[in-house]
$ cat work_21.tsv   # TSV, C-alpha atoms
chain	number	residue	atom	x	y	z
X	1164	MET	CA	0.00	0.00	0.00
X	1165	ASN	CA	1.37	3.45	-0.87
X	1166	LYS	CA	1.71	6.25	1.72
X	1167	PRO	CA	-1.51	8.12	0.77
X	1168	GLY	CA	-3.41	4.80	0.97
X	1169	ILE	CA	-1.99	4.04	4.43
X	1170	TYR	CA	-2.88	7.54	5.67
X	1171	ALA	CA	-6.43	7.26	4.33
X	1172	PHE	CA	-6.85	3.85	5.99
X	1173	LEU	CA	-5.52	5.16	9.33
X	1174	LEU	CA	-7.78	8.22	9.15
X	1175	ILE	CA	-10.90	6.09	8.52
X	1176	PHE	CA	-9.88	3.60	11.22
X	1177	CYS	CA	-9.33	6.38	13.79
X	1178	ALA	CA	-12.69	7.96	12.92
X	1179	PHE	CA	-14.40	4.58	13.40
X	1180	LEU	CA	-12.69	4.09	16.78
X	1181	SER	CA	-13.72	7.60	17.89
X	1182	VAL	CA	-17.38	6.90	17.09
X	1183	ALA	CA	-17.20	3.50	18.81
X	1184	VAL	CA	-15.70	5.04	21.96
X	1185	VAL	CA	-18.36	7.77	22.11
X	1186	PHE	CA	-21.20	5.24	21.80
X	1187	ALA	CA	-19.57	2.89	24.30
X	1188	GLN	CA	-19.35	5.67	26.90
X	1189	THR	CA	-22.89	6.99	26.34
X	1190	PRO	CA	-25.71	5.14	28.11
X	1191	ALA	CA	-28.07	3.41	25.67
X	1192	SER	CA	-31.06	5.19	27.18
X	1193	GLU	CA	-29.80	8.51	25.79
X	1194	HIS	CA	-30.10	7.11	22.26
X	1195	LYS	CA	-33.64	5.74	22.57
X	1196	ASN	CA	-35.75	8.42	20.91
X	1197	LEU	CA	-37.27	5.81	18.62
X	1198	GLN	CA	-38.49	2.38	19.69
X	1199	LEU	CA	-39.99	-0.26	17.40
X	1200	SER	CA	-41.94	-3.33	18.44
X	1201	VAL	CA	-44.12	-5.99	16.85
X	1202	GLN	CA	-46.85	-7.35	19.10
X	1203	ARG	CA	-47.15	-10.84	17.58
X	1204	ASP	CA	-44.56	-13.61	17.53
X	1205	SER	CA	-45.71	-14.89	14.13
X	1206	ALA	CA	-47.96	-14.01	11.20
X	1207	PRO	CA	-48.81	-15.43	7.77
X	1208	LEU	CA	-47.29	-13.83	4.66
X	1209	GLY	CA	-49.63	-11.32	3.09
X	1210	SER	CA	-51.16	-10.34	6.43
X	1211	ASP	CA	-50.73	-6.96	8.07
X	1212	ILE	CA	-47.97	-6.70	10.68
X	1213	ASP	CA	-48.83	-4.17	13.37
X	1214	LEU	CA	-45.65	-2.22	13.99
X	1215	HIS	CA	-45.66	0.02	17.07
X	1216	ILE	CA	-43.41	3.07	16.74
X	1217	GLU	CA	-42.76	5.11	19.87
X	1218	ILE	CA	-41.11	8.50	19.47
X	1219	VAL	CA	-39.59	10.31	22.45
X	1220	PRO	CA	-38.68	14.01	22.12
X	1221	ASP	CA	-35.05	15.03	21.57
X	1222	HIS	CA	-35.70	18.72	20.85
X	1223	LEU	CA	-34.35	18.60	17.30
X	1224	SER	CA	-36.40	20.85	15.06
X	1225	SER	CA	-37.59	18.17	12.64
X	1226	VAL	CA	-36.50	14.78	11.40
X	1227	ASP	CA	-37.44	12.18	8.81
X	1228	ILE	CA	-38.05	8.57	9.77
X	1229	VAL	CA	-37.06	5.90	7.28
X	1230	LEU	CA	-38.41	2.36	7.73
X	1231	GLY	CA	-37.27	-0.96	6.34
X	1232	VAL	CA	-37.45	-4.68	6.99
X	1233	ILE	CA	-34.70	-7.29	7.19
X	1234	ARG	CA	-35.85	-10.55	5.59
X	1235	PRO	CA	-34.70	-14.08	6.58
X	1236	ASP	CA	-32.27	-14.06	3.62
X	1237	ASN	CA	-30.63	-10.95	5.23
X	1238	LYS	CA	-31.79	-8.67	2.41
X	1239	LEU	CA	-32.93	-5.19	3.44
X	1240	PHE	CA	-36.04	-3.68	1.87
X	1241	ALA	CA	-37.20	-0.08	2.29
X	1242	TYR	CA	-40.86	0.50	3.09
X	1243	LYS	CA	-42.25	3.03	0.60
X	1244	GLY	CA	-45.50	3.77	2.42
X	1245	GLN	CA	-49.09	2.64	2.71
X	1246	GLY	CA	-50.21	0.99	-0.53
X	1247	LYS	CA	-46.76	1.36	-2.12
X	1248	GLY	CA	-45.04	-1.71	-0.68
X	1249	PHE	CA	-41.31	-2.32	-0.48
X	1250	SER	CA	-38.28	-1.85	-2.69
X	1251	PRO	CA	-34.76	-3.25	-2.34
X	1252	PHE	CA	-32.61	-0.93	-0.23
X	1253	GLU	CA	-29.89	0.53	-2.41
X	1254	GLY	CA	-28.92	3.59	-0.39
X	1255	TYR	CA	-30.49	6.72	1.05
X	1256	ASP	CA	-32.34	7.70	-2.12
X	1257	SER	CA	-34.07	4.30	-2.38
X	1258	ALA	CA	-35.66	4.70	1.08
X	1259	PRO	CA	-38.40	7.34	1.09
X	1260	PRO	CA	-39.26	8.66	4.57
X	1261	LEU	CA	-42.23	7.06	6.29
X	1262	VAL	CA	-42.57	10.33	8.21
X	1263	LYS	CA	-41.17	13.59	6.82
X	1264	ASP	CA	-40.33	16.72	8.83
X	1265	PHE	CA	-41.59	15.23	12.10
X	1266	PRO	CA	-41.12	17.70	14.99
X	1267	LEU	CA	-38.95	15.72	17.41
X	1268	THR	CA	-40.23	17.89	20.24
X	1269	THR	CA	-43.44	15.82	20.35
X	1270	ALA	CA	-43.91	12.43	22.01
X	1271	MET	CA	-46.03	10.08	19.94
X	1272	THR	CA	-46.98	6.44	19.55
X	1273	ILE	CA	-47.92	5.28	16.07
X	1274	VAL	CA	-49.32	1.90	15.06
X	1275	GLN	CA	-48.57	1.23	11.42
X	1276	PHE	CA	-50.22	-1.77	9.72
X	1277	ILE	CA	-47.75	-3.05	7.14
X	1278	PRO	CA	-48.63	-5.90	4.74
X	1279	LEU	CA	-45.76	-8.23	3.85
X	1280	PRO	CA	-45.76	-9.55	0.28
X	1281	GLN	CA	-47.06	-13.10	-0.14
X	1282	ASP	CA	-44.13	-14.13	-2.35
X	1283	TRP	CA	-41.45	-13.36	0.25
X	1284	PRO	CA	-39.63	-16.21	2.04
X	1285	SER	CA	-40.86	-17.66	5.33
X	1286	GLY	CA	-38.68	-17.16	8.41
X	1287	LYS	CA	-37.60	-14.51	10.91
X	1288	TYR	CA	-38.15	-10.87	10.02
X	1289	GLN	CA	-37.20	-7.67	11.80
X	1290	PHE	CA	-38.12	-4.04	11.15
X	1291	ILE	CA	-35.39	-1.40	11.20
X	1292	ALA	CA	-35.84	2.37	11.28
X	1293	ALA	CA	-33.56	5.37	11.12
X	1294	VAL	CA	-34.17	8.87	12.41
X	1295	MET	CA	-32.61	11.22	9.87
X	1296	ASN	CA	-31.75	14.90	10.24
X	1297	GLU	CA	-31.38	15.82	6.58
X	1298	ARG	CA	-28.95	13.11	5.34
X	1299	THR	CA	-27.41	12.43	8.77
X	1300	ILE	CA	-28.46	9.40	10.82
X	1301	VAL	CA	-29.47	10.49	14.32
X	1302	GLU	CA	-30.52	7.06	15.55
X	1303	ILE	CA	-31.23	3.52	14.35
X	1304	ASP	CA	-33.52	1.02	16.08
X	1305	HIS	CA	-34.65	-2.56	15.40
X	1306	SER	CA	-37.93	-4.19	16.34
X	1307	ASN	CA	-38.08	-7.56	17.99
X	1308	ALA	CA	-37.82	-10.47	15.55
X	1309	PHE	CA	-40.99	-12.23	14.45
X	1310	ASN	CA	-41.73	-15.32	12.36
X	1311	VAL	CA	-43.56	-15.14	9.05
X	1312	VAL	CA	-45.04	-18.34	7.64
X	1313	LYS	CA	-46.75	-19.22	4.35
X	1314	ALA	CA	-50.52	-18.66	4.51
X	1315	GLN	CA	-52.53	-21.87	4.72
$ encode --input "work_21.tsv" --output "structure tokens"
Amino acid sequence: MNKPGIYAFLLIFCAFLSVAVVFAQTPASEHKNLQLSVQRDSAPLGSDIDLHIEIVPDHLSSVDIVLGVIRPDNKLFAYKGQGKGFSPFEGYDSAPPLVKDFPLTTAMTIVQFIPLPQDWPSGKYQFIAAVMNERTIVEIDHSNAFNVVKAQ
């Protein structure tokens, strides 16, 4: 590796360590402005999954909330909104916000009914969401895992 390559690697590695140290020293409760949970342990494909989203104020002016699901094959799909379904996650621009310009000074609980496609694989699923301030991730949270089985 040439000198510029070594310096770039060291810079990225040091930045990663700095972020890891900050998160390791900060109690997890300070980063829980968003909490996701699924109330059922299992559901048939094609049925609505009731996702509970709890938002706790952090006094940021406004944020976007992006939602996705991790399938049993470890592929991530972005949720495009009610009646629009899912699309493969291919970066920030492929994940439209579920909530746009939400005032993070307001506590709220939302129940979102999300249908999973019938042609997806059976197995363990998990929702994932990110709180975004413009293009910066403020927080990421996962729901509990739940089983999805073929409809009978």
$ atom_distance --input "work_21.tsv" --atom1 "CA of Ser1225 (chain X)" --atom2 "CA of Ile1212 (chain X)"
27.0 Å
$ residues_around --input "work_21.tsv" --residues "region 1257-1267 of chain X" --least-positions-apart "3" --cutoff "12 Å" --atoms "all atoms listed in the file" --output "PDB file with C-alpha atoms, keeping the file's coordinate frame"
ATOM      1  CA  ASN X1196     -35.750   8.420  20.910  1.00  0.00           C
ATOM      2  CA  LEU X1197     -37.270   5.810  18.620  1.00  0.00           C
ATOM      3  CA  ILE X1216     -43.410   3.070  16.740  1.00  0.00           C
ATOM      4  CA  GLU X1217     -42.760   5.110  19.870  1.00  0.00           C
ATOM      5  CA  ILE X1218     -41.110   8.500  19.470  1.00  0.00           C
ATOM      6  CA  VAL X1219     -39.590  10.310  22.450  1.00  0.00           C
ATOM      7  CA  PRO X1220     -38.680  14.010  22.120  1.00  0.00           C
ATOM      8  CA  ASP X1221     -35.050  15.030  21.570  1.00  0.00           C
ATOM      9  CA  HIS X1222     -35.700  18.720  20.850  1.00  0.00           C
ATOM     10  CA  LEU X1223     -34.350  18.600  17.300  1.00  0.00           C
ATOM     11  CA  SER X1224     -36.400  20.850  15.060  1.00  0.00           C
ATOM     12  CA  SER X1225     -37.590  18.170  12.640  1.00  0.00           C
ATOM     13  CA  VAL X1226     -36.500  14.780  11.400  1.00  0.00           C
ATOM     14  CA  ASP X1227     -37.440  12.180   8.810  1.00  0.00           C
ATOM     15  CA  ILE X1228     -38.050   8.570   9.770  1.00  0.00           C
ATOM     16  CA  VAL X1229     -37.060   5.900   7.280  1.00  0.00           C
ATOM     17  CA  LEU X1230     -38.410   2.360   7.730  1.00  0.00           C
ATOM     18  CA  GLY X1231     -37.270  -0.960   6.340  1.00  0.00           C
ATOM     19  CA  VAL X1232     -37.450  -4.680   6.990  1.00  0.00           C
ATOM     20  CA  LEU X1239     -32.930  -5.190   3.440  1.00  0.00           C
ATOM     21  CA  PHE X1240     -36.040  -3.680   1.870  1.00  0.00           C
ATOM     22  CA  ALA X1241     -37.200  -0.080   2.290  1.00  0.00           C
ATOM     23  CA  TYR X1242     -40.860   0.500   3.090  1.00  0.00           C
ATOM     24  CA  LYS X1243     -42.250   3.030   0.600  1.00  0.00           C
ATOM     25  CA  GLY X1244     -45.500   3.770   2.420  1.00  0.00           C
ATOM     26  CA  GLN X1245     -49.090   2.640   2.710  1.00  0.00           C
ATOM     27  CA  LYS X1247     -46.760   1.360  -2.120  1.00  0.00           C
ATOM     28  CA  GLY X1248     -45.040  -1.710  -0.680  1.00  0.00           C
ATOM     29  CA  PHE X1249     -41.310  -2.320  -0.480  1.00  0.00           C
ATOM     30  CA  SER X1250     -38.280  -1.850  -2.690  1.00  0.00           C
ATOM     31  CA  PRO X1251     -34.760  -3.250  -2.340  1.00  0.00           C
ATOM     32  CA  PHE X1252     -32.610  -0.930  -0.230  1.00  0.00           C
ATOM     33  CA  GLU X1253     -29.890   0.530  -2.410  1.00  0.00           C
ATOM     34  CA  GLY X1254     -28.920   3.590  -0.390  1.00  0.00           C
ATOM     35  CA  ALA X1270     -43.910  12.430  22.010  1.00  0.00           C
ATOM     36  CA  MET X1271     -46.030  10.080  19.940  1.00  0.00           C
ATOM     37  CA  ILE X1273     -47.920   5.280  16.070  1.00  0.00           C
ATOM     38  CA  GLN X1275     -48.570   1.230  11.420  1.00  0.00           C
ATOM     39  CA  ILE X1277     -47.750  -3.050   7.140  1.00  0.00           C
ATOM     40  CA  ILE X1291     -35.390  -1.400  11.200  1.00  0.00           C
ATOM     41  CA  ALA X1292     -35.840   2.370  11.280  1.00  0.00           C
ATOM     42  CA  ALA X1293     -33.560   5.370  11.120  1.00  0.00           C
ATOM     43  CA  VAL X1294     -34.170   8.870  12.410  1.00  0.00           C
ATOM     44  CA  MET X1295     -32.610  11.220   9.870  1.00  0.00           C
ATOM     45  CA  ASN X1296     -31.750  14.900  10.240  1.00  0.00           C
ATOM     46  CA  GLU X1297     -31.380  15.820   6.580  1.00  0.00           C
ATOM     47  CA  ARG X1298     -28.950  13.110   5.340  1.00  0.00           C
ATOM     48  CA  VAL X1301     -29.470  10.490  14.320  1.00  0.00           C
TER      49      VAL X1301
END
$ atom_distance --input "work_21.tsv" --atom1 "CA of Phe1276 (chain X)" --atom2 "CA of Asn1237 (chain X)"
22.1 Å
$ atom_distance --input "work_21.tsv" --atom1 "CA of Arg1234 (chain X)" --atom2 "CA of Pro1278 (chain X)"
13.6 Å
